[in-house]
Amino acid sequence: MAVAKTVVTVIFILICLALTVIILMQEGKSAGLGAIAGAADTYWGKNKGRSMEGMLVKITRALVVLFIVIAAVLNIGSF
């Protein structure tokens with residue numbers, strides 16, 4: 001069981017690092033002064049789910065779910 005706990009811990013650390021990098025790659029959510037003039041309603045704003053930013057959000061959500069599940073498994077101590 002010690003080997004399994006070590007493997008899960010290494011996977012957990014890799015997910016933590018990947019999550020940190022992906023969060024830092026994302027753009028800020030504030031619209032800034034562009035929202036006053038209506039610049040937020042652009043093509044990229046409408047199709048954000050298909051863009052690189054949308055992909056980063058989806059990956060972030062998946063990694064957060066994995067992070068929580070693995071953290072719970074490691075915390076239960078059944079390993």
# chains A, B, ... in the order shown; residues from 1 in each chain; ligands from 1
>>> residues_around(residues="segment 13-29 of chain A", least_positions_apart="5", cutoff="12 Å", atoms="only C-alpha atoms", output="mmCIF file with N, CA and C atoms, in the first residue's frame")
data_model
loop_
_atom_site.group_PDB
_atom_site.id
_atom_site.type_symbol
_atom_site.label_atom_id
_atom_site.label_comp_id
_atom_site.auth_asym_id
_atom_site.auth_seq_id
_atom_site.Cartn_x
_atom_site.Cartn_y
_atom_site.Cartn_z
ATOM 1 N N THR A 6 2.328 6.501 -2.566
ATOM 2 C CA THR A 6 3.369 7.308 -3.190
ATOM 3 C C THR A 6 2.976 7.708 -4.607
ATOM 4 N N VAL A 7 2.408 6.775 -5.352
ATOM 5 C CA VAL A 7 1.983 7.068 -6.727
ATOM 6 C C VAL A 7 0.865 8.113 -6.732
ATOM 7 N N VAL A 8 -0.119 7.966 -5.844
ATOM 8 C CA VAL A 8 -1.225 8.922 -5.771
ATOM 9 C C VAL A 8 -0.706 10.287 -5.333
ATOM 10 N N ALA A 35 -15.520 47.910 -21.216
ATOM 11 C CA ALA A 35 -16.929 47.590 -20.984
ATOM 12 C C ALA A 35 -17.805 48.839 -21.071
ATOM 13 N N ALA A 40 -16.686 44.860 -24.914
ATOM 14 C CA ALA A 40 -16.701 43.488 -24.414
ATOM 15 C C ALA A 40 -17.543 42.579 -25.288
ATOM 16 N N GLY A 45 -15.604 37.432 -27.321
ATOM 17 C CA GLY A 45 -16.449 37.405 -26.137
ATOM 18 C C GLY A 45 -17.640 36.478 -26.305
ATOM 19 N N LYS A 48 -16.311 32.432 -26.590
ATOM 20 C CA LYS A 48 -15.226 32.154 -25.657
ATOM 21 C C LYS A 48 -15.081 30.661 -25.374
ATOM 22 N N SER A 51 -12.665 29.100 -27.858
ATOM 23 C CA SER A 51 -11.328 29.683 -27.961
ATOM 24 C C SER A 51 -10.357 28.992 -27.010
ATOM 25 N N MET A 52 -9.135 29.451 -27.022
ATOM 26 C CA MET A 52 -8.109 28.920 -26.129
ATOM 27 C C MET A 52 -8.471 29.198 -24.677
ATOM 28 N N GLU A 53 -9.063 30.362 -24.426
ATOM 29 C CA GLU A 53 -9.474 30.709 -23.062
ATOM 30 C C GLU A 53 -10.559 29.756 -22.563
ATOM 31 N N GLY A 54 -11.487 29.413 -23.437
ATOM 32 C CA GLY A 54 -12.528 28.466 -23.061
ATOM 33 C C GLY A 54 -11.958 27.090 -22.757
ATOM 34 N N MET A 55 -10.962 26.696 -23.535
ATOM 35 C CA MET A 55 -10.315 25.404 -23.302
ATOM 36 C C MET A 55 -9.579 25.406 -21.963
ATOM 37 N N LEU A 56 -8.931 26.513 -21.625
ATOM 38 C CA LEU A 56 -8.237 26.607 -20.343
ATOM 39 C C LEU A 56 -9.219 26.530 -19.176
ATOM 40 N N VAL A 57 -10.403 27.124 -19.343
ATOM 41 C CA VAL A 57 -11.416 27.068 -18.282
ATOM 42 C C VAL A 57 -11.895 25.629 -18.087
ATOM 43 N N LYS A 58 -12.116 24.916 -19.184
ATOM 44 C CA LYS A 58 -12.566 23.525 -19.094
ATOM 45 C C LYS A 58 -11.501 22.637 -18.446
ATOM 46 N N ILE A 59 -10.261 22.833 -18.821
ATOM 47 C CA ILE A 59 -9.166 22.053 -18.225
ATOM 48 C C ILE A 59 -9.037 22.380 -16.741
ATOM 49 N N THR A 60 -9.195 23.661 -16.393
ATOM 50 C CA THR A 60 -9.119 24.066 -14.993
ATOM 51 C C THR A 60 -10.194 23.371 -14.169
ATOM 52 N N ARG A 61 -11.413 23.340 -14.691
ATOM 53 C CA ARG A 61 -12.502 22.682 -13.963
ATOM 54 C C ARG A 61 -12.222 21.203 -13.759
ATOM 55 N N ALA A 62 -11.723 20.528 -14.795
ATOM 56 C CA ALA A 62 -11.423 19.100 -14.677
ATOM 57 C C ALA A 62 -10.314 18.859 -13.656
ATOM 58 N N LEU A 63 -9.278 19.679 -13.683
ATOM 59 C CA LEU A 63 -8.177 19.518 -12.735
ATOM 60 C C LEU A 63 -8.608 19.819 -11.303
ATOM 61 N N VAL A 64 -9.514 20.772 -11.131
ATOM 62 C CA VAL A 64 -10.002 21.082 -9.786
ATOM 63 C C VAL A 64 -10.792 19.898 -9.229
ATOM 64 N N VAL A 65 -11.609 19.270 -10.070
ATOM 65 C CA VAL A 65 -12.356 18.091 -9.623
ATOM 66 C C VAL A 65 -11.393 16.973 -9.237
ATOM 67 N N LEU A 66 -10.383 16.721 -10.068
ATOM 68 C CA LEU A 66 -9.380 15.704 -9.733
ATOM 69 C C LEU A 66 -8.636 16.056 -8.451
ATOM 70 N N PHE A 67 -8.305 17.326 -8.296
ATOM 71 C CA PHE A 67 -7.610 17.787 -7.096
ATOM 72 C C PHE A 67 -8.426 17.478 -5.846
ATOM 73 N N ILE A 68 -9.712 17.806 -5.883
ATOM 74 C CA ILE A 68 -10.573 17.585 -4.711
ATOM 75 C C ILE A 68 -10.733 16.103 -4.423
ATOM 76 N N VAL A 69 -10.926 15.298 -5.467
ATOM 77 C CA VAL A 69 -11.116 13.858 -5.266
ATOM 78 C C VAL A 69 -9.858 13.223 -4.689
ATOM 79 N N ILE A 70 -8.710 13.537 -5.262
ATOM 80 C CA ILE A 70 -7.465 12.939 -4.774
ATOM 81 C C ILE A 70 -7.128 13.444 -3.375
ATOM 82 N N ALA A 71 -7.404 14.718 -3.100
ATOM 83 C CA ALA A 71 -7.175 15.242 -1.749
ATOM 84 C C ALA A 71 -8.045 14.507 -0.726
ATOM 85 N N LEU A 74 -6.596 10.953 -0.246
ATOM 86 C CA LEU A 74 -5.384 10.984 0.580
ATOM 87 C C LEU A 74 -5.708 11.336 2.030
#
